[in-house]
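Trainee: Dropping a structure here in structure tokens format, bear with me for questions.
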Amino acid sequence: MREKLKYFIINKAYDYNRGFYENMTVRGNGLCFSSDSGSGVGKFLTRVFDSGQRGLNWHRLVINTENCEPEALRITVYACDSGSVRYRGNAIPVEEFMELEGISLEDRLSALAPYVVRKVSGVTDVLLHYVSGRFFWAYIEVYSPGGGKAARIDSVKIYLPSASWIDHLPAIYRAGDGETHFLERYLGIFQTVYEELDAEIADMANRFDPECAEAEFLEWIAGWLNIRDTKIWTEEQMRKLLMKAVRLYRRRGTKESLSEMIELYTGEKPFIVEGSDVGELADRAEFKELLSSLYGADPSTVTVMIQPGHDTEVIKRIAMEMLPVTAELNLIELDPYISLGKHAYLGVNSGIGAYKPAVLDGRSRLTLTALGGTQSEDDPDEDRDPEDG
């Protein structure tokens, strides 16, 4: 029976906040480099991981990053079975010391220095040979050159050992491996590659699920569904589109699918009028000219009205994907006010408001020359009829 890989993982805000960091901030499910100058060193000390087994030989440390080359990473690995930290004259167990608050990162690292096992740089995947102990933690430094996107740590994964391949060889190989365990370490390279591929194959189903697939696979899934112009969609929009794509494309050419597709991009439901919606009004002489100017003379024209502030060229491309081949698109960007003879719809781009008294606020325009219902005694307009008020 295939053994399932066991590991600890840091990949959400709660995990990062259980550790200690400087010049970095938690954003979403990652830890991002943060500096006013855009350059410097981001520092992250993980919490202590307890394997529950004394003398455990840890297997592997893998860091997933964004906008960060391996050369910009420096990793320090710590391990111990049980030990104490000398801090301010007191001996404190390591696991308790890591839970203490109010200690600067610099002081914390200084106190933990006796438990440093290994330091590496320029890699994101570290085989933890000779790193043994019940407790394990790591310190990661991220160097940012500045001027680009912020470096980001997406996840840190620490693997516990699985059965070594050397255990499947005849006893003569295990007995002759010596103190350096060269053969075991050599086989460990191929074992690591195999286990990683095996885990990817086992996780393959998730790559076809738009809700949990990695961002790089979304465009690949879109290609299977023949969704073009993938660059116009944000990652969140693309996930929603892929989840709805089959249903939307089954109803392609309908008013409902066109409306839902545009709403997915703009975040607002469009106002759509088809030629058939105009009905018999288009045949009446008093309305024919007005309706033609608003919705087109061709009954196959579909008028799509959107709120201002969106990229109309992109919306045209989206709409044309969902319209029947014979239909014509009339895309209108609505004005945020009523204009006679143009597109003005109650509840869409206009509304009925309550009465408000005039306010002299520097923005109102008053066209009347007098306010009030009576004429003053010194009013020069003596010819006005007193009954006019």
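Residue numbering restarts at 1 for every chain of the structure tokens, chains are lettered A, B, ... in their displayed order, and ligands are numbered from 1 as they appear.
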Do you know which residues are at most 12 Å from Glu99 of chain A counting only C-alpha atoms, after dropping those on the same chain fewer than 3 positions away, and could you put them as a list in words?
Mentor: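 Contacts, in chain order: Asn17, Arg18, Gly19, Phe20, Thr46, Arg47, Val48, Ile92, Pro93, Val94, Glu95, Glu96, Gly102, Ile103 and Arg108 of chain A.
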Trainee: Could you check which of A:Val246, A:Ile140, A:Val131, A:Val302 is closest to Arg152 of chain A, using only C-alpha atoms?
Mentor: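 Counting only C-alpha atoms, the residue closest to Arg152 of chain A is A:Ile140.
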Trainee: As a PyMOL selection string, please: all residues of segment 23-132 of chain A that backbone DSSP puts in strand (DSSP E or B).
Mentor: chain A and resi 24-27+30-33+40-45+49-50+57+60-66+73-80+84-87+90-93+116-121+125-127+132
Trainee: Considering only C-alpha atoms, return as a ChimeraX atom specification whatever protein or nucleic-acid residues lie within 9 Å of Ala13 of chain A, sequence-local ones (same chain, fewer than 4 positions apart) excluded.
Mentor: /A:17-18,26-31
Trainee: Could you write those residues out with N, CA and C atoms, as a PDB file, in the first residue's frame?
Mentor:
ATOM      1  N   ASN A  17       0.939  34.384  11.243  1.00  0.00           N
ATOM      2  CA  ASN A  17       0.841  35.160  12.481  1.00  0.00           C
ATOM      3  C   ASN A  17       1.255  34.364  13.713  1.00  0.00           C
ATOM      4  N   ARG A  18       1.371  33.065  13.595  1.00  0.00           N
ATOM      5  CA  ARG A  18       1.886  32.256  14.689  1.00  0.00           C
ATOM      6  C   ARG A  18       3.410  32.314  14.749  1.00  0.00           C
ATOM      7  N   VAL A  26       1.150  40.297   5.947  1.00  0.00           N
ATOM      8  CA  VAL A  26       0.284  39.209   5.497  1.00  0.00           C
ATOM      9  C   VAL A  26      -0.776  39.789   4.566  1.00  0.00           C
ATOM     10  N   ARG A  27      -0.820  39.260   3.349  1.00  0.00           N
ATOM     11  CA  ARG A  27      -1.826  39.679   2.367  1.00  0.00           C
ATOM     12  C   ARG A  27      -2.479  38.441   1.797  1.00  0.00           C
ATOM     13  N   GLY A  28      -3.781  38.312   2.033  1.00  0.00           N
ATOM     14  CA  GLY A  28      -4.473  37.114   1.575  1.00  0.00           C
ATOM     15  C   GLY A  28      -3.911  35.902   2.287  1.00  0.00           C
ATOM     16  N   ASN A  29      -3.445  34.937   1.514  1.00  0.00           N
ATOM     17  CA  ASN A  29      -2.854  33.720   2.071  1.00  0.00           C
ATOM     18  C   ASN A  29      -1.346  33.684   1.879  1.00  0.00           C
ATOM     19  N   GLY A  30      -0.736  34.845   1.729  1.00  0.00           N
ATOM     20  CA  GLY A  30       0.711  34.902   1.531  1.00  0.00           C
ATOM     21  C   GLY A  30       1.356  35.941   2.422  1.00  0.00           C
ATOM     22  N   LEU A  31       2.687  35.898   2.460  1.00  0.00           N
ATOM     23  CA  LEU A  31       3.468  36.847   3.245  1.00  0.00           C
ATOM     24  C   LEU A  31       4.291  37.666   2.261  1.00  0.00           C
TER      25      LEU A  31
END
Trainee: As an exercise, work out the distance from atom CA of Leu329 of chain A to atom CA of Ile221 of chain A in Å and give it to one decimal place.
Mentor: 28.6 Å
Trainee: Near Val117 of chain A, counting only C-alpha atoms, which residues have an atom at most 7 Å away, once you skip same-chain residues fewer than 5 positions from it, shown as a PyMOL selection string?
Mentor: chain A and resi 77-79+131
Trainee: Write to file, as an mmCIF file, in the first residue's frame, the residues of the selection just made, with C-alpha atoms.
Mentor:
data_model
loop_
_atom_site.group_PDB
_atom_site.id
_atom_site.type_symbol
_atom_site.label_atom_id
_atom_site.label_comp_id
_atom_site.auth_asym_id
_atom_site.auth_seq_id
_atom_site.Cartn_x
_atom_site.Cartn_y
_atom_site.Cartn_z
ATOM 1 C CA VAL A 77 17.188 25.485 9.758
ATOM 2 C CA TYR A 78 16.856 24.701 13.493
ATOM 3 C CA ALA A 79 16.145 21.397 15.259
ATOM 4 C CA VAL A 131 18.594 17.507 10.513
#
Trainee: Can you list every residue in segment 12-175 of chain A that DSSP puts in helix (DSSP H, G or I), as a ChimeraX atom specification?
Mentor: /A:13-17,70-72,94-97,105-115,165-168,171-175
Trainee: Give the answer as one residue: which of A:Ala344, A:Ile10, A:Leu334, A:Ile232 has the shortest atom-to-atom distance to Asp154 of chain A, using only C-alpha atoms?
Mentor: A:Ile10
Trainee: How far is it from atom CA of Phe136 of chain A to atom CA of Ile201 of chain A, in Å with one decimal?
Mentor: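 So the two atoms, atom CA of Phe136 of chain A and atom CA of Ile201 of chain A, lie 28.6 Å apart.
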Trainee: With only C-alpha atoms as the atoms that count, which of A:Gly55, A:Gly188, A:Gly133, A:Gly309 lies nearest to Pro336 of chain A?
Mentor: A:Gly309
Trainee: For Phe271 of chain A, please output as a ChimeraX atom specification all residues within 9 Å (counting only C-alpha atoms; exclusion window: fewer than 5 positions along the same chain).
Mentor: /A:259,303-306,348
Trainee: Using only C-alpha atoms, which of A:Tyr265, A:Lys149, A:Arg88, A:Pro70 sits nearest Val120 of chain A?
Mentor: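 Ranking A:Tyr265, A:Lys149, A:Arg88, A:Pro70 by distance to Val120 of chain A, first place goes to A:Pro70.
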Trainee: Please provide the set of residues having any atom within 12 Å of Leu331 of chain A, restricted to only C-alpha atoms, with same-chain residues fewer than 3 positions apart removed, written as a compact mmCIF listing (two decimals) with C-alpha atoms, in the first residue's frame.
Mentor:
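And here is the file that came out, part19.txt:
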# COMPACT_ATOMS: atom_id res chain seq x y z
CA ILE A 262 -21.76 41.04 -19.11
CA PRO A 270 -27.08 45.37 -17.99
CA PHE A 271 -30.37 46.65 -19.39
CA ILE A 272 -31.14 44.76 -22.62
CA VAL A 273 -33.85 45.48 -25.20
CA GLU A 274 -34.41 43.08 -28.10
CA LEU A 294 -33.03 54.38 -29.85
CA TYR A 295 -33.09 50.69 -30.71
CA GLY A 296 -32.37 50.54 -34.45
CA THR A 301 -30.79 44.44 -33.32
CA VAL A 302 -30.08 43.81 -29.65
CA THR A 303 -29.55 46.98 -27.60
CA VAL A 304 -27.33 46.51 -24.55
CA MET A 305 -27.22 49.41 -22.11
CA ILE A 306 -24.50 49.61 -19.44
CA GLN A 307 -23.57 52.07 -16.74
CA PRO A 308 -20.68 54.46 -17.54
CA HIS A 310 -16.51 50.37 -18.25
CA ASP A 311 -14.33 49.44 -21.23
CA THR A 312 -16.89 49.39 -24.05
CA GLU A 313 -14.56 47.68 -26.51
CA VAL A 314 -14.11 44.73 -24.16
CA ILE A 315 -17.85 44.52 -23.51
CA LYS A 316 -18.49 44.50 -27.27
CA ARG A 317 -16.20 41.48 -27.64
CA ILE A 318 -17.91 39.69 -24.76
CA ALA A 319 -21.39 40.46 -26.13
CA MET A 320 -20.53 39.32 -29.67
CA GLU A 328 -26.64 43.16 -34.56
CA LEU A 334 -26.11 55.34 -20.32
CA HIS A 343 -32.10 56.60 -23.20
Trainee: Contacts of Asp298 of chain A at 12 Å or less, counting only C-alpha atoms, minus same-chain residues fewer than 5 places along, as a VMD selection string?
Mentor: chain A and resid 274 to 276 278 282 288 291 to 293 303 326 to 330
Trainee: Quick check, in Å to one decimal: how far apart do atom CA of Leu241 of chain A and atom CA of Ile227 of chain A lie?
Mentor: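 Going from atom CA of Leu241 of chain A over to atom CA of Ile227 of chain A covers 9.4 Å.
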Trainee: So, with only C-alpha atoms as the atoms that count, which of A:Leu169, A:Met98, A:Leu242, A:Ile332 lies closest to Asn226 of chain A?
Mentor: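 Using only C-alpha atoms, the shortest distance to Asn226 of chain A belongs to A:Leu242.
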